[in-house]
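K.L.:
Below is protein.txt; it holds compact mmCIF, C-alpha atoms.
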# COMPACT_ATOMS: atom_id res chain seq x y z
CA MET A 596 -5.31 2.82 16.97
CA ALA A 597 -3.68 2.54 13.57
CA TYR A 598 -0.48 0.51 13.44
CA TYR A 599 1.07 3.31 11.39
CA LYS A 600 -0.26 6.85 11.79
CA TYR A 601 0.62 7.55 8.17
CA HIS A 602 1.16 4.61 5.86
CA VAL A 603 2.39 5.99 2.55
CA PHE A 604 2.42 4.01 -0.68
CA PHE A 605 4.34 5.21 -3.70
CA CYS A 606 3.43 3.63 -7.00
CA THR A 607 6.73 2.41 -8.44
CA ASN A 608 5.23 0.39 -11.27
CA ARG A 609 6.91 0.25 -14.68
CA ARG A 610 4.81 -0.26 -17.77
CA GLU A 611 6.36 -1.33 -21.03
CA GLY A 612 5.73 0.04 -24.50
CA GLY A 613 6.14 3.71 -23.69
CA GLN A 614 2.88 3.98 -21.76
CA PRO A 615 2.83 6.52 -18.93
CA CYS A 616 3.89 4.98 -15.63
CA CYS A 617 5.06 6.16 -12.25
CA ALA A 618 8.44 4.41 -12.49
CA ARG A 619 9.40 6.41 -15.56
CA LEU A 620 8.40 9.61 -13.76
CA GLY A 621 10.65 9.04 -10.76
CA GLY A 622 8.38 7.02 -8.48
CA GLN A 623 11.13 4.74 -7.19
CA GLU A 624 13.64 7.54 -6.62
CA MET A 625 11.07 9.71 -4.83
CA ARG A 626 10.02 6.78 -2.64
CA ASP A 627 13.67 6.17 -1.72
CA TYR A 628 14.12 9.85 -0.98
CA ALA A 629 10.98 10.05 1.18
CA LYS A 630 12.02 6.95 3.11
CA GLN A 631 15.44 8.30 4.03
CA ARG A 632 14.05 11.78 4.73
CA CYS A 633 11.38 10.48 7.12
CA LYS A 634 13.96 8.29 8.81
CA ALA A 635 16.33 11.23 9.24
CA LEU A 636 13.50 13.25 10.78
CA GLY A 637 12.72 10.47 13.26
CA LEU A 638 9.20 10.02 11.94
CA THR A 639 9.32 6.33 11.13
CA GLY A 640 8.14 3.23 12.96
CA PRO A 641 4.95 1.84 14.51
CA GLY A 642 2.70 4.71 15.57
CA GLY A 643 4.52 6.92 13.10
CA VAL A 644 5.24 6.98 9.39
CA ARG A 645 5.91 4.06 7.05
CA ILE A 646 7.02 4.71 3.48
CA ASN A 647 6.33 1.84 1.09
CA SER A 648 6.70 1.06 -2.55
CA ALA A 649 3.69 -0.51 -4.22
CA GLY A 650 2.71 -2.06 -7.50
CA CYS A 651 0.47 -0.24 -9.95
CA LEU A 652 -2.14 1.84 -8.12
CA ASP A 653 -4.05 2.15 -11.41
CA ARG A 654 -4.07 5.92 -11.62
CA CYS A 655 -1.37 5.96 -14.28
CA GLY A 656 -2.68 8.98 -16.17
CA GLU A 657 -2.35 11.11 -13.04
CA GLY A 658 1.09 9.82 -12.09
CA PRO A 659 3.40 9.82 -10.44
CA VAL A 660 1.05 9.19 -7.53
CA LEU A 661 1.19 8.25 -3.87
CA VAL A 662 -1.53 7.64 -1.31
CA VAL A 663 -1.50 8.31 2.43
CA TYR A 664 -3.55 5.87 4.53
CA PRO A 665 -5.64 5.50 6.62
CA GLU A 666 -6.83 8.94 5.51
CA GLY A 667 -6.87 7.95 1.87
CA VAL A 668 -5.37 11.21 0.62
CA TRP A 669 -4.00 10.84 -2.91
CA TYR A 670 -1.23 13.01 -4.31
CA SER A 671 0.30 13.68 -7.67
CA TYR A 672 3.77 15.15 -7.33
CA VAL A 673 6.46 16.42 -9.64
CA ASP A 674 9.73 16.65 -7.81
CA GLN A 675 11.60 16.49 -4.51
CA GLU A 676 10.23 19.85 -3.41
CA ASP A 677 6.72 18.45 -3.61
CA ILE A 678 7.77 15.44 -1.55
CA ASP A 679 9.39 17.71 1.03
CA GLU A 680 6.18 19.70 1.29
CA ILE A 681 4.08 16.56 1.76
CA ILE A 682 6.46 15.34 4.48
CA ASP A 683 6.63 18.69 6.28
CA SER A 684 3.01 19.74 6.02
CA HIS A 685 1.13 16.45 6.07
CA LEU A 686 3.29 13.81 7.75
CA ARG A 687 4.82 16.15 10.33
CA GLY A 688 2.15 18.82 10.60
CA GLY A 689 -1.05 16.92 9.90
CA THR A 690 -2.16 19.30 7.16
CA PRO A 691 -2.57 17.83 3.67
CA VAL A 692 -1.02 19.75 0.77
CA THR A 693 -4.18 20.78 -1.05
CA ARG A 694 -2.52 21.90 -4.27
CA LEU A 695 -1.10 18.40 -4.87
CA VAL A 696 -4.18 16.39 -3.88
CA ILE A 697 -5.96 14.48 -6.64
CA MET B 1414 -15.51 9.21 -0.59
CA ALA B 1415 -12.54 6.85 -0.81
CA TYR B 1416 -11.15 6.21 -4.28
CA TYR B 1417 -11.12 2.49 -3.47
CA LYS B 1418 -13.57 1.15 -0.91
CA TYR B 1419 -11.03 -1.52 0.05
CA HIS B 1420 -7.41 -0.99 -0.91
CA VAL B 1421 -5.54 -4.16 -0.05
CA PHE B 1422 -1.76 -4.38 0.18
CA PHE B 1423 0.00 -7.73 0.29
CA CYS B 1424 3.56 -7.69 1.51
CA THR B 1425 5.52 -9.50 -1.19
CA ASN B 1426 8.95 -8.60 0.10
CA ARG B 1427 11.80 -11.10 -0.10
CA ARG B 1428 14.57 -10.96 2.50
CA GLU B 1429 17.86 -12.69 1.93
CA GLY B 1430 19.83 -14.83 4.32
CA GLY B 1431 17.02 -17.10 5.41
CA GLN B 1432 15.24 -14.47 7.48
CA PRO B 1433 11.46 -14.77 7.69
CA CYS B 1434 9.73 -12.88 4.91
CA CYS B 1435 6.32 -12.75 3.28
CA ALA B 1436 7.62 -13.72 -0.18
CA ARG B 1437 8.93 -17.02 1.10
CA LEU B 1438 5.57 -17.69 2.75
CA GLY B 1439 3.54 -17.27 -0.41
CA GLY B 1440 2.86 -13.52 -0.37
CA GLN B 1441 3.22 -13.05 -4.12
CA GLU B 1442 1.17 -16.10 -5.05
CA MET B 1443 -1.60 -15.18 -2.62
CA ARG B 1444 -1.68 -11.61 -3.95
CA ASP B 1445 -1.96 -12.94 -7.51
CA TYR B 1446 -4.72 -15.29 -6.43
CA ALA B 1447 -6.66 -12.55 -4.58
CA LYS B 1448 -6.36 -10.24 -7.57
CA GLN B 1449 -7.83 -12.70 -10.05
CA ARG B 1450 -10.47 -13.86 -7.56
CA CYS B 1451 -11.68 -10.30 -6.88
CA LYS B 1452 -11.70 -9.59 -10.60
CA ALA B 1453 -13.73 -12.73 -11.29
CA LEU B 1454 -16.22 -11.67 -8.63
CA GLY B 1455 -16.58 -8.23 -10.20
CA LEU B 1456 -15.34 -6.45 -7.08
CA THR B 1457 -12.48 -4.47 -8.62
CA GLY B 1458 -12.18 -0.89 -9.79
CA PRO B 1459 -12.67 2.63 -8.42
CA GLY B 1460 -15.27 2.58 -5.65
CA GLY B 1461 -14.54 -1.12 -5.20
CA VAL B 1462 -11.57 -3.30 -4.40
CA ARG B 1463 -7.95 -2.86 -5.45
CA ILE B 1464 -5.43 -5.62 -4.72
CA ASN B 1465 -1.81 -4.45 -4.63
CA SER B 1466 1.58 -5.85 -3.96
CA ALA B 1467 3.79 -3.83 -1.65
CA GLY B 1468 7.32 -3.75 -0.39
CA CYS B 1469 8.18 -4.78 3.17
CA LEU B 1470 5.40 -3.73 5.55
CA ASP B 1471 7.81 -4.34 8.44
CA ARG B 1472 5.75 -6.91 10.30
CA CYS B 1473 7.94 -9.77 9.11
CA GLY B 1474 7.64 -11.86 12.24
CA GLU B 1475 3.85 -12.00 11.85
CA GLY B 1476 3.95 -12.74 8.12
CA PRO B 1477 2.66 -13.35 5.66
CA VAL B 1478 0.64 -10.18 6.20
CA LEU B 1479 -1.74 -7.94 4.32
CA VAL B 1480 -3.51 -4.73 5.28
CA VAL B 1481 -6.90 -3.43 4.20
CA TYR B 1482 -7.20 0.36 3.96
CA PRO B 1483 -8.73 2.81 4.69
CA GLU B 1484 -9.89 0.73 7.67
CA GLY B 1485 -6.36 -0.29 8.56
CA VAL B 1486 -7.25 -3.89 9.34
CA TRP B 1487 -4.17 -6.11 9.34
CA TYR B 1488 -4.26 -9.82 8.64
CA SER B 1489 -1.91 -12.74 8.95
CA TYR B 1490 -2.97 -15.62 6.70
CA VAL B 1491 -1.81 -19.12 5.99
CA ASP B 1492 -3.36 -20.36 2.77
CA GLN B 1493 -5.87 -19.82 0.00
CA GLU B 1494 -8.77 -20.69 2.26
CA ASP B 1495 -7.86 -17.78 4.51
CA ILE B 1496 -7.71 -15.46 1.51
CA ASP B 1497 -11.11 -16.71 0.31
CA GLU B 1498 -12.56 -16.00 3.74
CA ILE B 1499 -11.12 -12.48 3.80
CA ILE B 1500 -12.55 -11.80 0.32
CA ASP B 1501 -15.98 -13.27 1.07
CA SER B 1502 -16.47 -11.95 4.59
CA HIS B 1503 -14.60 -8.65 4.54
CA LEU B 1504 -14.35 -7.41 0.96
CA ARG B 1505 -17.78 -8.64 -0.13
CA GLY B 1506 -19.64 -8.70 3.18
CA GLY B 1507 -18.02 -5.88 5.12
CA THR B 1508 -17.24 -8.07 8.12
CA PRO B 1509 -13.57 -8.49 9.05
CA VAL B 1510 -12.32 -12.02 9.75
CA THR B 1511 -11.55 -11.67 13.43
CA ARG B 1512 -9.59 -14.89 13.81
CA LEU B 1513 -7.00 -13.70 11.26
CA VAL B 1514 -6.68 -10.10 12.45
CA ILE B 1515 -3.37 -9.10 13.99
In structure tokens, what does this structure look like?
P.N.:
Amino acid sequence: MAYYKYHVFFCTNRREGGQPCCARLGGQEMRDYAKQRCKALGLTGPGGVRINSAGCLDRCGEGPVLVVYPEGVWYSYVDQEDIDEIIDSHLRGGTPVTRLVI
Amino acid sequence: MAYYKYHVFFCTNRREGGQPCCARLGGQEMRDYAKQRCKALGLTGPGGVRINSAGCLDRCGEGPVLVVYPEGVWYSYVDQEDIDEIIDSHLRGGTPVTRLVI
């Protein structure tokens, strides 16, 4: 059995020189939001959900991105509403949010 | 098909106050080493291996730790020789290193 049912990694990498990067598009703030939201919903911990920040996931042009393991479902999101939908549908309900999958 | 065949996350988190943490046990250096080693071996890129740093994976007492997704195999390692064995056996050969699995 997986140590975490859903292990979520948000790219929070910052690239210099004006290149597109997840940090500049809210990656860190959305990771912080998802972490507190999952905690408030009682989803976190072993056997449940873990929300992590990560270095560059190397899909910068599609960012901001996150990936849900062990399923390996990748998302590109825009705002907090997208994150809420991923949490509600995927992490609580088990149904990936198709419109945001990359 | 998975975007990365092996997506490896090293905990590189630093905790203050003298608590055990992966950063103090070489997590960042071992991640940097693994990254350059996998690159030198030509293992990296989509369809191959991606080596990432990550925030606290919350297995501090077993650290330093890394996890290989999508398989969800967790390792505790000590030194560069352990990392070499994980790269050679698991990431190149497809066989997890049982003695290091947690």
K.L.:
Using all atoms listed in the file, which residue out of B:Ile1500, B:Gly1460, B:Phe1422, B:Glu1442 lies closest to chain A?
P.N.:
B:Phe1422
K.L.:
Could you state the separation of atom CA of A:Trp669 and atom CA of B:Arg1444 in Å, given to one decimal place?
P.N.:
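Between atom CA of A:Trp669 and atom CA of B:Arg1444 the gap works out to 22.6 Å.
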K.L.:
I'd like to know which of B:Leu1454, B:Cys1469, B:Met1414, B:Val1481 is closest to B:Gly1507, using only C-alpha atoms.
P.N.:
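With only C-alpha atoms as the atom set, the closest residue is B:Val1481.
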K.L.:
Compile a residue-level contact table for chain A against chain B at a cut-off of 10 Å, reporting for every qualifying residue the shortest atom pair and its distance in Å to one decimal, with only C-alpha atoms counted, rows ordered by chain and ascending number, as a tab-separated table.
P.N.:
residue	atom	partner	partner_atom	distance
A:Met596	CA	B:Gly1485	CA	9.0
A:Ala597	CA	B:Gly1485	CA	6.3
A:Tyr598	CA	B:Gly1485	CA	7.7
A:Tyr599	CA	B:Gly1485	CA	8.7
A:Lys600	CA	B:Gly1485	CA	9.9
A:His602	CA	B:Leu1470	CA	9.4
A:Phe604	CA	B:Ala1467	CA	8.0
A:Phe605	CA	B:Ala1467	CA	9.3
A:Cys606	CA	B:Ala1467	CA	9.2
A:Thr607	CA	B:Ala1467	CA	9.7
A:Gly640	CA	B:Asp1471	CA	8.8
A:Pro641	CA	B:Asp1471	CA	9.1
A:Arg645	CA	B:Leu1470	CA	7.9
A:Ile646	CA	B:Leu1470	CA	8.8
A:Asn647	CA	B:Gly1468	CA	5.9
A:Ser648	CA	B:Gly1468	CA	5.3
A:Ala649	CA	B:Ala1467	CA	4.2
A:Gly650	CA	B:Ser1466	CA	5.3
A:Cys651	CA	B:Asn1465	CA	7.2
A:Leu652	CA	B:Asn1465	CA	7.2
A:Asp653	CA	B:Arg1463	CA	8.7
A:Arg654	CA	B:Pro1459	CA	9.7
A:Val663	CA	B:Pro1483	CA	9.4
A:Tyr664	CA	B:Pro1483	CA	6.0
A:Pro665	CA	B:Pro1483	CA	4.5
A:Glu666	CA	B:Pro1483	CA	6.5
A:Gly667	CA	B:Pro1483	CA	6.2
A:Val668	CA	B:Ala1415	CA	8.5
A:Trp669	CA	B:Tyr1416	CA	8.6
K.L.:
Please report the interatomic distance between atom CA of B:Gly1440 and atom CA of A:Met625 in Å with one decimal.
P.N.:
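Going from atom CA of B:Gly1440 over to atom CA of A:Met625 covers 25.0 Å.
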K.L.:
Please give chain A as an mmCIF file with C-alpha atoms, keeping the file's coordinate frame, after it has been superposed on chain B by least squares over all Cα atoms paired in order.
P.N.:
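What ended up in selection_7.cif:
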data_model
loop_
_atom_site.group_PDB
_atom_site.id
_atom_site.type_symbol
_atom_site.label_atom_id
_atom_site.label_comp_id
_atom_site.auth_asym_id
_atom_site.auth_seq_id
_atom_site.Cartn_x
_atom_site.Cartn_y
_atom_site.Cartn_z
ATOM 1 C CA MET A 596 -15.465 9.208 -0.596
ATOM 2 C CA ALA A 597 -12.523 6.841 -0.798
ATOM 3 C CA TYR A 598 -11.144 6.222 -4.275
ATOM 4 C CA TYR A 599 -11.115 2.508 -3.471
ATOM 5 C CA LYS A 600 -13.563 1.154 -0.895
ATOM 6 C CA TYR A 601 -11.042 -1.516 0.044
ATOM 7 C CA HIS A 602 -7.428 -0.980 -0.918
ATOM 8 C CA VAL A 603 -5.550 -4.160 -0.057
ATOM 9 C CA PHE A 604 -1.775 -4.382 0.175
ATOM 10 C CA PHE A 605 -0.009 -7.716 0.290
ATOM 11 C CA CYS A 606 3.564 -7.679 1.492
ATOM 12 C CA THR A 607 5.521 -9.501 -1.210
ATOM 13 C CA ASN A 608 8.963 -8.606 0.091
ATOM 14 C CA ARG A 609 11.831 -11.098 -0.083
ATOM 15 C CA ARG A 610 14.574 -10.962 2.500
ATOM 16 C CA GLU A 611 17.869 -12.697 1.943
ATOM 17 C CA GLY A 612 19.839 -14.843 4.356
ATOM 18 C CA GLY A 613 17.023 -17.121 5.441
ATOM 19 C CA GLN A 614 15.235 -14.469 7.489
ATOM 20 C CA PRO A 615 11.450 -14.789 7.680
ATOM 21 C CA CYS A 616 9.727 -12.865 4.902
ATOM 22 C CA CYS A 617 6.332 -12.756 3.275
ATOM 23 C CA ALA A 618 7.638 -13.717 -0.177
ATOM 24 C CA ARG A 619 8.949 -17.032 1.103
ATOM 25 C CA LEU A 620 5.582 -17.705 2.743
ATOM 26 C CA GLY A 621 3.554 -17.262 -0.431
ATOM 27 C CA GLY A 622 2.861 -13.527 -0.376
ATOM 28 C CA GLN A 623 3.234 -13.053 -4.126
ATOM 29 C CA GLU A 624 1.174 -16.113 -5.052
ATOM 30 C CA MET A 625 -1.611 -15.184 -2.623
ATOM 31 C CA ARG A 626 -1.664 -11.615 -3.942
ATOM 32 C CA ASP A 627 -1.962 -12.944 -7.504
ATOM 33 C CA TYR A 628 -4.726 -15.285 -6.422
ATOM 34 C CA ALA A 629 -6.656 -12.551 -4.587
ATOM 35 C CA LYS A 630 -6.352 -10.227 -7.575
ATOM 36 C CA GLN A 631 -7.815 -12.709 -10.037
ATOM 37 C CA ARG A 632 -10.470 -13.848 -7.551
ATOM 38 C CA CYS A 633 -11.687 -10.299 -6.878
ATOM 39 C CA LYS A 634 -11.693 -9.597 -10.595
ATOM 40 C CA ALA A 635 -13.726 -12.732 -11.292
ATOM 41 C CA LEU A 636 -16.227 -11.667 -8.632
ATOM 42 C CA GLY A 637 -16.597 -8.220 -10.205
ATOM 43 C CA LEU A 638 -15.347 -6.458 -7.096
ATOM 44 C CA THR A 639 -12.507 -4.481 -8.617
ATOM 45 C CA GLY A 640 -12.172 -0.890 -9.779
ATOM 46 C CA PRO A 641 -12.670 2.634 -8.422
ATOM 47 C CA GLY A 642 -15.274 2.573 -5.658
ATOM 48 C CA GLY A 643 -14.552 -1.109 -5.193
ATOM 49 C CA VAL A 644 -11.582 -3.306 -4.390
ATOM 50 C CA ARG A 645 -7.953 -2.874 -5.437
ATOM 51 C CA ILE A 646 -5.437 -5.624 -4.724
ATOM 52 C CA ASN A 647 -1.828 -4.443 -4.633
ATOM 53 C CA SER A 648 1.574 -5.848 -3.966
ATOM 54 C CA ALA A 649 3.781 -3.814 -1.662
ATOM 55 C CA GLY A 650 7.319 -3.745 -0.397
ATOM 56 C CA CYS A 651 8.164 -4.759 3.151
ATOM 57 C CA LEU A 652 5.400 -3.729 5.556
ATOM 58 C CA ASP A 653 7.823 -4.337 8.441
ATOM 59 C CA ARG A 654 5.760 -6.902 10.291
ATOM 60 C CA CYS A 655 7.940 -9.767 9.105
ATOM 61 C CA GLY A 656 7.645 -11.859 12.258
ATOM 62 C CA GLU A 657 3.870 -11.994 11.842
ATOM 63 C CA GLY A 658 3.947 -12.739 8.122
ATOM 64 C CA PRO A 659 2.670 -13.336 5.658
ATOM 65 C CA VAL A 660 0.645 -10.173 6.195
ATOM 66 C CA LEU A 661 -1.744 -7.931 4.308
ATOM 67 C CA VAL A 662 -3.507 -4.726 5.280
ATOM 68 C CA VAL A 663 -6.915 -3.439 4.203
ATOM 69 C CA TYR A 664 -7.209 0.358 3.951
ATOM 70 C CA PRO A 665 -8.721 2.813 4.699
ATOM 71 C CA GLU A 666 -9.890 0.737 7.667
ATOM 72 C CA GLY A 667 -6.373 -0.287 8.567
ATOM 73 C CA VAL A 668 -7.262 -3.901 9.334
ATOM 74 C CA TRP A 669 -4.168 -6.115 9.347
ATOM 75 C CA TYR A 670 -4.262 -9.834 8.637
ATOM 76 C CA SER A 671 -1.917 -12.747 8.943
ATOM 77 C CA TYR A 672 -2.983 -15.608 6.708
ATOM 78 C CA VAL A 673 -1.813 -19.112 5.976
ATOM 79 C CA ASP A 674 -3.349 -20.344 2.780
ATOM 80 C CA GLN A 675 -5.871 -19.806 -0.007
ATOM 81 C CA GLU A 676 -8.777 -20.691 2.261
ATOM 82 C CA ASP A 677 -7.867 -17.787 4.510
ATOM 83 C CA ILE A 678 -7.720 -15.469 1.509
ATOM 84 C CA ASP A 679 -11.106 -16.716 0.319
ATOM 85 C CA GLU A 680 -12.566 -16.004 3.739
ATOM 86 C CA ILE A 681 -11.133 -12.477 3.796
ATOM 87 C CA ILE A 682 -12.549 -11.815 0.316
ATOM 88 C CA ASP A 683 -15.978 -13.278 1.083
ATOM 89 C CA SER A 684 -16.472 -11.948 4.585
ATOM 90 C CA HIS A 685 -14.607 -8.649 4.548
ATOM 91 C CA LEU A 686 -14.349 -7.408 0.963
ATOM 92 C CA ARG A 687 -17.778 -8.648 -0.121
ATOM 93 C CA GLY A 688 -19.637 -8.697 3.176
ATOM 94 C CA GLY A 689 -18.020 -5.881 5.125
ATOM 95 C CA THR A 690 -17.247 -8.068 8.130
ATOM 96 C CA PRO A 691 -13.575 -8.487 9.049
ATOM 97 C CA VAL A 692 -12.340 -12.019 9.754
ATOM 98 C CA THR A 693 -11.555 -11.676 13.445
ATOM 99 C CA ARG A 694 -9.587 -14.897 13.806
ATOM 100 C CA LEU A 695 -6.999 -13.715 11.249
ATOM 101 C CA VAL A 696 -6.676 -10.110 12.433
ATOM 102 C CA ILE A 697 -3.363 -9.088 13.985
#
K.L.:
For each of B:Gly1461, B:Asp1501, B:Val1478, B:Ala1453, take the minimum atom-to-atom distance to B:Leu1438, counting only C-alpha atoms, then give the residue where this is smallest.
P.N.:
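Among B:Gly1461, B:Asp1501, B:Val1478, B:Ala1453, it is B:Val1478 that comes nearest to B:Leu1438.
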K.L.:
In Å to one decimal, how far is atom CA of A:Pro659 from atom CA of A:Asn608?
P.N.:
9.6 Å
K.L.:
Fewer than 2 positions away in the same chain doesn't count, so skip those; otherwise give me all residues within 12 Å of B:Arg1505, counting only C-alpha atoms, as a list in words.
P.N.:
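Once the adjacent positions are removed, what remains is Lys1418, Tyr1419, Arg1450, Cys1451, Leu1454, Gly1455, Leu1456, Thr1457, Gly1461, Val1462, Asp1497, Glu1498, Ile1499, Ile1500, Asp1501, Ser1502, His1503, Gly1507, Thr1508, Pro1509 and Val1510 of chain B.
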K.L.:
Could you name the residues that touch A:Tyr672 at 9 Å or less, counting all atoms listed in the file, but leaving out those on the same chain fewer than 4 positions away, as a VMD selection string?
P.N.:
chain A and resid 658 to 661 676 to 678 695 to 696
K.L.:
Nearest to A:Ala618 among A:Tyr670, A:Val662, A:Ile697, A:Cys655, with distances taken over only C-alpha atoms: which residue is it?
P.N.:
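The closest residue to A:Ala618 is A:Cys655.
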